[in-house]
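Structure file entry-v3.csv with CSV, C-alpha atoms:
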```csv
chain,number,residue,atom,x,y,z
A,1,GLY,CA,68.1,-10.6,-26.6
A,2,GLY,CA,70.0,-11.8,-29.7
A,3,ARG,CA,73.4,-11.1,-28.0
A,4,GLU,CA,72.5,-13.3,-25.0
A,5,ALA,CA,71.2,-16.1,-27.3
A,6,GLY,CA,74.5,-15.9,-29.3
A,7,GLN,CA,76.6,-16.2,-26.2
A,8,LEU,CA,74.5,-19.1,-24.9
A,9,LEU,CA,75.0,-20.9,-28.3
A,10,ASP,CA,78.7,-20.3,-28.1
A,11,LEU,CA,78.8,-21.8,-24.6
A,12,TYR,CA,76.8,-24.8,-25.8
A,13,TYR,CA,79.2,-25.6,-28.7
A,14,ALA,CA,82.2,-25.0,-26.4
A,15,ALA,CA,80.8,-27.5,-23.9
A,16,GLN,CA,80.1,-30.0,-26.7
A,17,GLY,CA,83.7,-29.7,-28.0
A,18,PHE,CA,85.1,-30.2,-24.5
A,19,ILE,CA,83.0,-33.3,-24.0
A,20,ARG,CA,84.1,-34.7,-27.4
A,21,ILE,CA,87.8,-34.1,-26.6
A,22,GLY,CA,87.2,-35.8,-23.2
A,23,LYS,CA,86.2,-39.0,-25.1
A,24,LEU,CA,89.6,-39.0,-26.8
A,25,TYR,CA,91.6,-38.3,-23.7
A,26,ASP,CA,94.5,-40.7,-23.0
A,27,GLU,CA,98.1,-40.6,-21.8
A,28,ARG,CA,99.0,-38.3,-24.8
A,29,TYR,CA,96.8,-35.5,-23.2
A,30,VAL,CA,97.3,-33.3,-20.2
A,31,THR,CA,94.9,-31.2,-18.3
A,32,TYR,CA,96.1,-27.8,-17.2
A,33,VAL,CA,94.6,-25.0,-15.3
A,34,GLU,CA,95.7,-21.4,-16.0
A,35,SER,CA,94.7,-18.1,-14.5
A,36,VAL,CA,94.3,-15.5,-17.3
A,37,ARG,CA,93.6,-12.1,-15.8
A,38,ASN,CA,90.4,-12.5,-13.8
A,39,GLU,CA,89.4,-15.8,-15.4
A,40,VAL,CA,90.4,-19.4,-14.9
A,41,GLN,CA,91.0,-21.5,-18.0
A,42,ILE,CA,90.9,-25.3,-18.0
A,43,LYS,CA,92.2,-27.0,-21.1
A,44,LEU,CA,92.5,-30.6,-22.3
A,45,PHE,CA,95.7,-30.2,-24.3
A,46,CYS,CA,96.8,-32.8,-26.8
A,47,LEU,CA,100.6,-33.2,-26.7
A,48,ASP,CA,101.0,-35.8,-29.4
A,49,PRO,CA,98.4,-36.0,-32.2
A,50,SER,CA,100.1,-38.9,-34.0
A,51,TYR,CA,98.0,-41.7,-32.5
A,52,LEU,CA,94.6,-40.1,-33.4
A,53,LEU,CA,95.8,-39.2,-36.9
A,54,LYS,CA,96.9,-42.8,-37.4
A,55,GLN,CA,93.5,-44.1,-36.2
A,56,ASN,CA,91.7,-41.7,-38.5
A,57,GLY,CA,93.7,-43.0,-41.5
A,58,LYS,CA,93.0,-46.7,-40.9
A,59,GLY,CA,89.9,-46.8,-43.0
A,60,PHE,CA,91.8,-45.7,-46.1
A,61,ARG,CA,94.1,-47.8,-48.4
A,62,SER,CA,96.6,-45.0,-48.4
A,63,HIS,CA,96.9,-41.3,-47.6
A,64,ILE,CA,99.2,-38.6,-48.8
A,65,LEU,CA,100.4,-35.7,-46.8
A,66,PHE,CA,102.3,-32.9,-48.6
A,67,SER,CA,103.6,-29.5,-48.0
A,68,ALA,CA,106.6,-27.3,-49.1
A,69,THR,CA,107.6,-26.9,-45.4
A,70,LEU,CA,108.0,-30.5,-44.0
A,71,SER,CA,111.4,-29.9,-42.5
A,72,PRO,CA,112.7,-32.0,-40.9
A,73,LEU,CA,110.8,-34.8,-42.5
A,74,SER,CA,111.4,-37.2,-39.6
A,75,TYR,CA,109.7,-34.8,-37.2
A,76,TYR,CA,106.6,-34.6,-39.4
A,77,ILE,CA,106.4,-38.3,-40.0
A,78,ASP,CA,106.5,-38.8,-36.2
A,79,MET,CA,103.9,-36.1,-35.4
A,80,LEU,CA,101.5,-36.9,-38.2
A,81,GLY,CA,101.2,-40.6,-37.4
A,82,GLY,CA,103.6,-42.0,-40.0
A,83,ASP,CA,105.9,-44.9,-39.7
A,84,ALA,CA,109.5,-44.1,-40.7
A,85,GLU,CA,110.2,-47.9,-41.3
A,86,THR,CA,107.3,-48.7,-43.6
A,87,ASP,CA,106.0,-45.4,-45.1
A,88,TYR,CA,107.4,-43.8,-48.2
A,89,SER,CA,108.8,-40.2,-48.2
A,90,VAL,CA,109.6,-38.3,-51.3
A,91,VAL,CA,111.5,-35.0,-51.4
A,92,VAL,CA,110.9,-33.2,-54.7
A,93,PRO,CA,113.6,-30.6,-55.7
A,94,SER,CA,112.5,-27.0,-56.0
A,95,PRO,CA,111.2,-26.2,-59.5
A,96,PHE,CA,112.9,-22.8,-59.2
A,97,SER,CA,116.6,-22.0,-60.1
A,98,SER,CA,119.0,-20.6,-57.6
A,99,GLU,CA,119.6,-17.6,-59.9
A,100,GLN,CA,116.0,-16.5,-59.1
A,101,LEU,CA,116.9,-15.9,-55.4
A,102,GLU,CA,119.5,-13.8,-53.7
A,103,VAL,CA,120.0,-14.9,-50.1
A,104,TYR,CA,121.7,-12.8,-47.4
A,105,MET,CA,122.2,-13.7,-43.8
A,106,GLU,CA,123.2,-11.4,-41.0
A,107,PRO,CA,124.4,-12.7,-37.6
A,108,LEU,CA,122.7,-10.2,-35.3
A,109,SER,CA,121.0,-11.5,-32.2
A,110,THR,CA,117.3,-11.2,-32.0
A,111,ARG,CA,117.1,-12.9,-28.6
A,112,TYR,CA,114.8,-11.0,-26.2
A,113,ARG,CA,117.7,-9.9,-23.9
A,114,ASP,CA,119.7,-8.5,-26.9
A,115,ARG,CA,116.9,-6.7,-28.8
A,116,GLY,CA,117.7,-3.3,-27.2
A,117,HIS,CA,121.3,-3.6,-28.5
A,118,THR,CA,120.5,-4.7,-32.0
A,119,ARG,CA,117.3,-2.9,-32.8
A,120,GLU,CA,119.0,0.0,-34.5
A,121,SER,CA,121.2,-2.2,-36.6
A,122,ILE,CA,118.2,-4.2,-37.8
A,123,ALA,CA,116.3,-1.1,-38.7
A,124,VAL,CA,119.3,0.2,-40.7
A,125,LEU,CA,119.7,-3.2,-42.4
A,126,ILE,CA,116.1,-3.1,-43.6
A,127,GLY,CA,116.6,0.4,-44.8
A,128,LYS,CA,119.7,-0.5,-46.8
A,129,LEU,CA,118.3,-3.6,-48.3
A,130,THR,CA,115.1,-1.9,-49.5
A,131,ALA,CA,117.0,1.1,-50.9
A,132,LYS,CA,119.0,-1.2,-53.2
A,133,ARG,CA,116.1,-1.8,-55.5
A,134,THR,CA,112.7,-0.1,-55.8
A,135,GLY,CA,110.0,-2.6,-55.1
A,136,ASN,CA,107.6,-4.1,-52.5
A,137,TYR,CA,109.1,-5.7,-49.4
A,138,LEU,CA,107.6,-7.8,-46.6
A,139,ILE,CA,109.4,-7.7,-43.2
A,140,PHE,CA,108.4,-10.5,-40.9
A,141,PHE,CA,108.8,-10.6,-37.1
A,142,PRO,CA,108.1,-13.2,-34.4
A,143,SER,CA,105.7,-11.0,-32.4
A,144,TYR,CA,103.6,-7.9,-32.7
A,145,ALA,CA,105.6,-6.2,-29.9
A,146,TYR,CA,108.9,-6.7,-31.6
A,147,MET,CA,107.5,-5.6,-35.0
A,148,ASN,CA,106.0,-2.4,-33.5
A,149,ASP,CA,109.3,-1.6,-31.9
A,150,ILE,CA,111.4,-1.9,-35.0
A,151,TYR,CA,108.6,-0.2,-37.1
A,152,GLU,CA,108.7,2.8,-34.9
A,153,LEU,CA,112.5,3.0,-35.1
A,154,PHE,CA,112.5,2.5,-38.9
A,155,THR,CA,109.9,5.2,-39.6
A,156,THR,CA,111.9,7.8,-37.6
A,157,GLN,CA,115.0,7.1,-39.8
A,158,PHE,CA,113.6,6.4,-43.2
A,159,THR,CA,111.0,8.1,-45.3
A,160,SER,CA,109.9,5.0,-47.3
A,161,THR,CA,106.2,4.3,-47.7
A,162,THR,CA,105.3,1.7,-45.0
A,163,MET,CA,102.4,-0.4,-43.8
A,164,ILE,CA,102.0,-2.5,-40.7
A,165,GLN,CA,99.9,-5.5,-39.9
A,166,GLY,CA,97.3,-4.8,-37.2
A,167,ALA,CA,96.0,-7.3,-34.7
A,168,GLY,CA,92.6,-8.7,-35.6
A,169,MET,CA,92.4,-7.2,-39.1
A,170,THR,CA,89.1,-7.6,-40.9
A,171,GLU,CA,88.8,-9.3,-44.3
A,172,ASN,CA,88.5,-5.9,-46.0
A,173,GLU,CA,91.6,-4.6,-44.2
A,174,ARG,CA,93.5,-7.8,-45.2
A,175,GLU,CA,92.5,-7.3,-48.9
A,176,ALA,CA,93.5,-3.6,-48.8
A,177,PHE,CA,96.9,-4.6,-47.3
A,178,LEU,CA,97.6,-7.1,-50.1
A,179,ALA,CA,96.2,-4.8,-52.8
A,180,ALA,CA,98.9,-2.2,-51.9
A,181,PHE,CA,101.5,-4.6,-53.3
A,182,ASP,CA,101.2,-3.2,-56.8
A,183,ALA,CA,103.9,-4.1,-59.4
A,184,ASP,CA,103.6,-0.5,-60.7
A,185,ASN,CA,104.3,1.3,-57.4
A,186,PRO,CA,106.6,4.2,-58.2
A,187,GLU,CA,108.3,4.0,-54.8
A,188,SER,CA,109.2,1.2,-52.6
A,189,LEU,CA,106.6,-0.2,-50.2
A,190,ILE,CA,107.9,-1.6,-46.9
A,191,ALA,CA,105.3,-3.8,-45.2
A,192,PHE,CA,105.8,-5.1,-41.6
A,193,ALA,CA,104.0,-8.3,-40.6
A,194,VAL,CA,104.2,-11.2,-38.1
A,195,MET,CA,105.4,-14.7,-38.8
A,196,GLY,CA,102.6,-17.4,-38.5
A,197,GLY,CA,100.0,-14.7,-39.4
A,198,MET,CA,97.7,-14.1,-42.3
A,199,PHE,CA,100.4,-12.6,-44.5
A,200,SER,CA,103.1,-15.3,-44.0
A,201,GLU,CA,101.1,-18.3,-45.3
A,202,GLY,CA,98.9,-19.0,-48.3
A,203,ILE,CA,99.2,-15.7,-50.2
A,204,ASP,CA,100.6,-15.2,-53.7
A,205,LEU,CA,102.3,-12.0,-54.7
A,206,VAL,CA,103.7,-13.0,-58.1
A,207,GLY,CA,106.2,-11.2,-60.2
A,208,ASP,CA,107.1,-7.7,-59.3
A,209,ARG,CA,104.4,-7.5,-56.7
A,210,LEU,CA,107.0,-8.7,-54.2
A,211,THR,CA,110.7,-7.9,-54.5
A,212,GLY,CA,112.1,-9.0,-51.2
A,213,VAL,CA,111.4,-10.6,-47.9
A,214,VAL,CA,113.2,-10.1,-44.6
A,215,VAL,CA,112.8,-12.6,-41.7
A,216,VAL,CA,113.8,-11.3,-38.3
A,217,GLY,CA,114.6,-14.1,-35.9
A,218,VAL,CA,114.2,-17.9,-36.2
A,219,GLY,CA,110.5,-17.9,-35.4
A,220,LEU,CA,110.7,-19.5,-32.0
A,221,PRO,CA,107.3,-19.4,-30.2
A,222,GLN,CA,107.2,-17.3,-27.0
A,223,VAL,CA,108.2,-19.3,-23.9
A,224,GLY,CA,105.0,-20.3,-22.1
A,225,LEU,CA,103.2,-22.9,-20.3
A,226,GLU,CA,102.0,-25.0,-23.3
A,227,ARG,CA,105.4,-24.9,-25.0
A,228,ASN,CA,107.1,-26.1,-21.8
A,229,ILE,CA,104.6,-28.8,-21.3
A,230,ILE,CA,105.3,-30.1,-24.8
A,231,LYS,CA,109.1,-29.8,-24.2
A,232,ASP,CA,108.8,-31.8,-21.0
A,233,TYR,CA,106.6,-34.5,-22.6
A,234,PHE,CA,109.0,-35.2,-25.5
A,235,ASP,CA,112.0,-35.0,-23.2
A,236,GLY,CA,110.3,-37.8,-21.3
A,237,GLN,CA,109.9,-39.7,-24.6
A,238,GLY,CA,113.7,-39.7,-25.1
A,239,LYS,CA,113.5,-37.0,-27.8
A,240,ASP,CA,114.8,-33.4,-27.9
A,241,GLY,CA,111.9,-31.6,-26.3
A,242,PHE,CA,113.3,-28.1,-27.1
A,243,GLU,CA,113.3,-28.9,-30.8
A,244,TYR,CA,109.8,-30.4,-30.8
A,245,ALA,CA,108.3,-27.5,-28.8
A,246,TYR,CA,110.3,-24.6,-30.1
A,247,VAL,CA,112.8,-25.1,-32.9
A,248,PHE,CA,110.7,-27.1,-35.5
A,249,PRO,CA,107.5,-25.1,-35.2
A,250,GLY,CA,109.5,-21.9,-35.3
A,251,MET,CA,111.5,-22.7,-38.4
A,252,ASN,CA,108.3,-23.8,-40.1
A,253,LYS,CA,107.1,-20.2,-39.7
A,254,VAL,CA,110.4,-19.0,-41.2
A,255,LEU,CA,110.0,-21.3,-44.2
A,256,GLN,CA,106.4,-20.2,-44.7
A,257,ALA,CA,107.4,-16.5,-44.6
A,258,GLY,CA,110.4,-16.9,-46.9
A,259,GLY,CA,108.2,-19.0,-49.3
A,260,ARG,CA,106.1,-15.9,-50.1
A,261,LEU,CA,108.9,-14.6,-52.3
A,262,ILE,CA,109.4,-17.0,-55.3
A,263,ARG,CA,106.0,-18.2,-56.5
A,264,SER,CA,106.6,-18.8,-60.3
A,265,GLU,CA,109.4,-19.6,-62.7
A,266,GLN,CA,109.6,-15.9,-63.6
A,267,ASP,CA,109.9,-14.5,-60.1
A,268,ARG,CA,113.1,-13.0,-58.8
A,269,GLY,CA,113.7,-11.7,-55.3
A,270,THR,CA,116.0,-11.1,-52.3
A,271,LEU,CA,115.7,-12.9,-49.0
A,272,LEU,CA,117.4,-11.5,-45.9
A,273,LEU,CA,117.6,-13.7,-42.7
A,274,ILE,CA,118.5,-11.8,-39.6
A,275,ASP,CA,119.8,-13.9,-36.7
A,276,ASP,CA,123.1,-15.3,-35.6
A,277,ARG,CA,121.4,-18.7,-35.0
A,278,TYR,CA,121.1,-19.2,-38.8
A,279,PHE,CA,124.8,-20.1,-38.7
A,280,GLN,CA,124.4,-22.8,-36.1
A,281,PRO,CA,124.0,-26.4,-37.4
A,282,ARG,CA,120.8,-26.9,-35.5
A,283,TYR,CA,119.1,-24.2,-37.6
A,284,GLN,CA,121.3,-24.4,-40.7
A,285,ARG,CA,120.2,-28.0,-41.4
A,286,LEU,CA,116.5,-26.9,-41.5
A,287,LEU,CA,116.9,-24.4,-44.3
A,288,PRO,CA,116.1,-25.3,-47.9
A,289,GLN,CA,119.1,-26.1,-50.0
A,290,GLU,CA,118.4,-23.2,-52.3
A,291,TRP,CA,118.6,-20.8,-49.3
A,292,LYS,CA,121.9,-22.2,-48.1
A,293,THR,CA,123.9,-22.4,-51.3
A,294,ALA,CA,124.0,-20.8,-54.8
A,295,ASP,CA,125.6,-23.8,-56.5
A,296,GLY,CA,124.7,-26.8,-54.4
A,297,GLY,CA,128.2,-26.8,-52.8
A,298,ALA,CA,129.3,-25.7,-49.4
A,299,PRO,CA,126.9,-23.9,-47.0
A,300,MET,CA,127.0,-20.1,-47.2
A,301,ILE,CA,129.2,-19.1,-44.3
A,302,PRO,CA,130.4,-15.5,-44.2
A,303,GLU,CA,134.1,-14.7,-44.5
A,304,GLN,CA,133.6,-12.0,-41.9
A,305,TYR,CA,130.9,-11.0,-39.5
A,306,GLY,CA,129.6,-7.5,-38.8
A,307,ASN,CA,131.0,-5.4,-41.7
A,308,ARG,CA,130.6,-1.8,-40.9
A,309,ASP,CA,129.8,1.2,-43.1
A,310,ASP,CA,131.1,4.7,-42.6
A,311,SER,CA,128.6,5.5,-39.9
A,312,GLY,CA,129.8,2.6,-37.8
A,313,ARG,CA,126.6,0.7,-38.2
A,314,GLU,CA,126.6,-3.0,-39.1
A,315,SER,CA,125.8,-3.9,-42.7
A,316,PHE,CA,124.6,-7.1,-44.2
A,317,THR,CA,127.0,-9.5,-46.0
A,318,ARG,CA,126.1,-11.4,-49.2
A,319,GLN,CA,126.6,-15.1,-48.4
A,320,GLU,CA,128.6,-16.7,-51.2
```

Represent the structure from my file as structure tokens, please.
Amino acid sequence: GGREAGQLLDLYYAAQGFIRIGKLYDERYVTYVESVRNEVQIKLFCLDPSYLLKQNGKGFRSHILFSATLSPLSYYIDMLGGDAETDYSVVVPSPFSSEQLEVYMEPLSTRYRDRGHTRESIAVLIGKLTAKRTGNYLIFFPSYAYMNDIYELFTTQFTSTTMIQGAGMTENEREAFLAAFDADNPESLIAFAVMGGMFSEGIDLVGDRLTGVVVVGVGLPQVGLERNIIKDYFDGQGKDGFEYAYVFPGMNKVLQAGGRLIRSEQDRGTLLLIDDRYFQPRYQRLLPQEWKTADGGAPMIPEQYGNRDDSGRESFTRQE
């Protein structure tokens, strides 16, 4: 039948792709075998794409790679086949003024082992921030499980209008989700989504369609086989494998998510970053300058951590 023919065609193209990758296989690849439920998966995994990208660019006089989230630049030059000695890099200042963006940071741990202790504080933070000004808000999480946990807690404490990203949303569901961000909504809309997903990259909610963004965590990928293989490979290359496998890809997701907020010269908004690691130099240096300071001066370090309101719950602190 048609279903069997479609499955056979999928198998054919998968086999063709496997063969093509096999022709590119060299010391920058690794083959791993993983048991997933009742199936065995064999993967030819590229650890370092820089050589192949460099080869593909040889037929051109020059090539330009650009993005708003190439931080740190040295990492992307390395991974995208550039040469730090001979290639040019240009960092263009943000076209937006610091007055358009209010940045808050809250040093609460979002590490897996601490989530049970901080989940209520995070839900309260989201409630307090979104109550300050009527508008539409996007709350980003590093995983569906964490998002669902905080969403359930939030909705039991607050009566705000909420939406939540579902796994495997159709195109129509995606469009309906975005259409709900109406600048004329009479009440606040609080939408929960995942970093690195369809709502954290490549969407424009200009003007009053988006009032604030909250990023929970520093976006680190879940610890797993592939990430640890990457870490070990770059450790062996004399580089910081943890940064290459976890920190840099994670913070790229953070930058993408926060970048949904200010999309034009007229936009204004509030950004709340929740994680104590945002105050560590390793992560602080990866933040855009306009997120770290209001005047181009010293980084925004809080005078005190963990202010508490009358209920004893932690509240966020404006970083001046």

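Comparing A:Met198, A:Leu286, A:Leu11, A:Ile150 by their smallest distance to Arg174 (chain A), the closest is A:Met198 (using all atoms listed in the file).
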
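Using all atoms listed in the file, the shortest contact distance between Ser71 (chain A) and any of A:Ile139, A:Asp204, A:Ala183, A:Val91 is found at A:Val91.
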
- Query: Which residue, A:Met79, A:Leu52, A:Met195, A:Ile126, has the smallest gap to Leu65 (chain A) when you use all atoms listed in the file?
  - Reply: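 Selected residue with least distance to Leu65 (chain A): A:Met79.
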
- In terms of the shortest atom-to-atom distance over only C-alpha atoms, which of A:Gln41, A:Gln100, A:Thr118, A:Asn252 is closest to Thr69 (chain A)?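 When distances to Thr69 (chain A) are compared using only C-alpha atoms, the smallest one comes from A:Asn252.
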
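With distances taken over all atoms listed in the file, A:Leu73 is the one residue among A:Val124, A:Leu73, A:Ala176, A:Leu272 lying closest to Arg285 (chain A).
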
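For region 266-271 of chain A, the residues within 8 Å (counting only C-alpha atoms, excluding itself and residues fewer than 4 positions away along the chain) are Gln100, Leu101, Glu102, Val103, Tyr104, Val206, Gly207, Asp208, Leu210, Thr211, Gly212, Val213, Val214, Val215, Gly258, Leu261 and Ile262 of chain A.
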
- Query: Which residue, A:Ser50, A:Ser121, A:Gln289, A:Gln55, has the smallest gap to Asp78 (chain A) when you use all atoms listed in the file?
  - Reply: A:Ser50

- Message: At a cut-off of 10 Å, using only C-alpha atoms, what residues contact Asp87 (chain A)? Leave out same-chain residues fewer than 5 positions from it and give the result as a ChimeraX atom specification.
- Response: /A:62,77,82

Would you mind exporting the chosen residues as an mmCIF file, keeping the file's coordinate frame, restricted to C-alpha atoms?
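Produced file part25.cif, reproduced below:
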```cif
data_model
loop_
_atom_site.group_PDB
_atom_site.id
_atom_site.type_symbol
_atom_site.label_atom_id
_atom_site.label_comp_id
_atom_site.auth_asym_id
_atom_site.auth_seq_id
_atom_site.Cartn_x
_atom_site.Cartn_y
_atom_site.Cartn_z
ATOM 1 C CA SER A 62 96.600 -45.000 -48.400
ATOM 2 C CA ILE A 77 106.400 -38.300 -40.000
ATOM 3 C CA GLY A 82 103.600 -42.000 -40.000
#
```

- Suppose you want the space between CA of Gly81 (chain A) and CA of Pro49 (chain A); what is it in Å?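 Straight-line distance from CA of Gly81 (chain A) to CA of Pro49 (chain A) works out to 7.5 Å.
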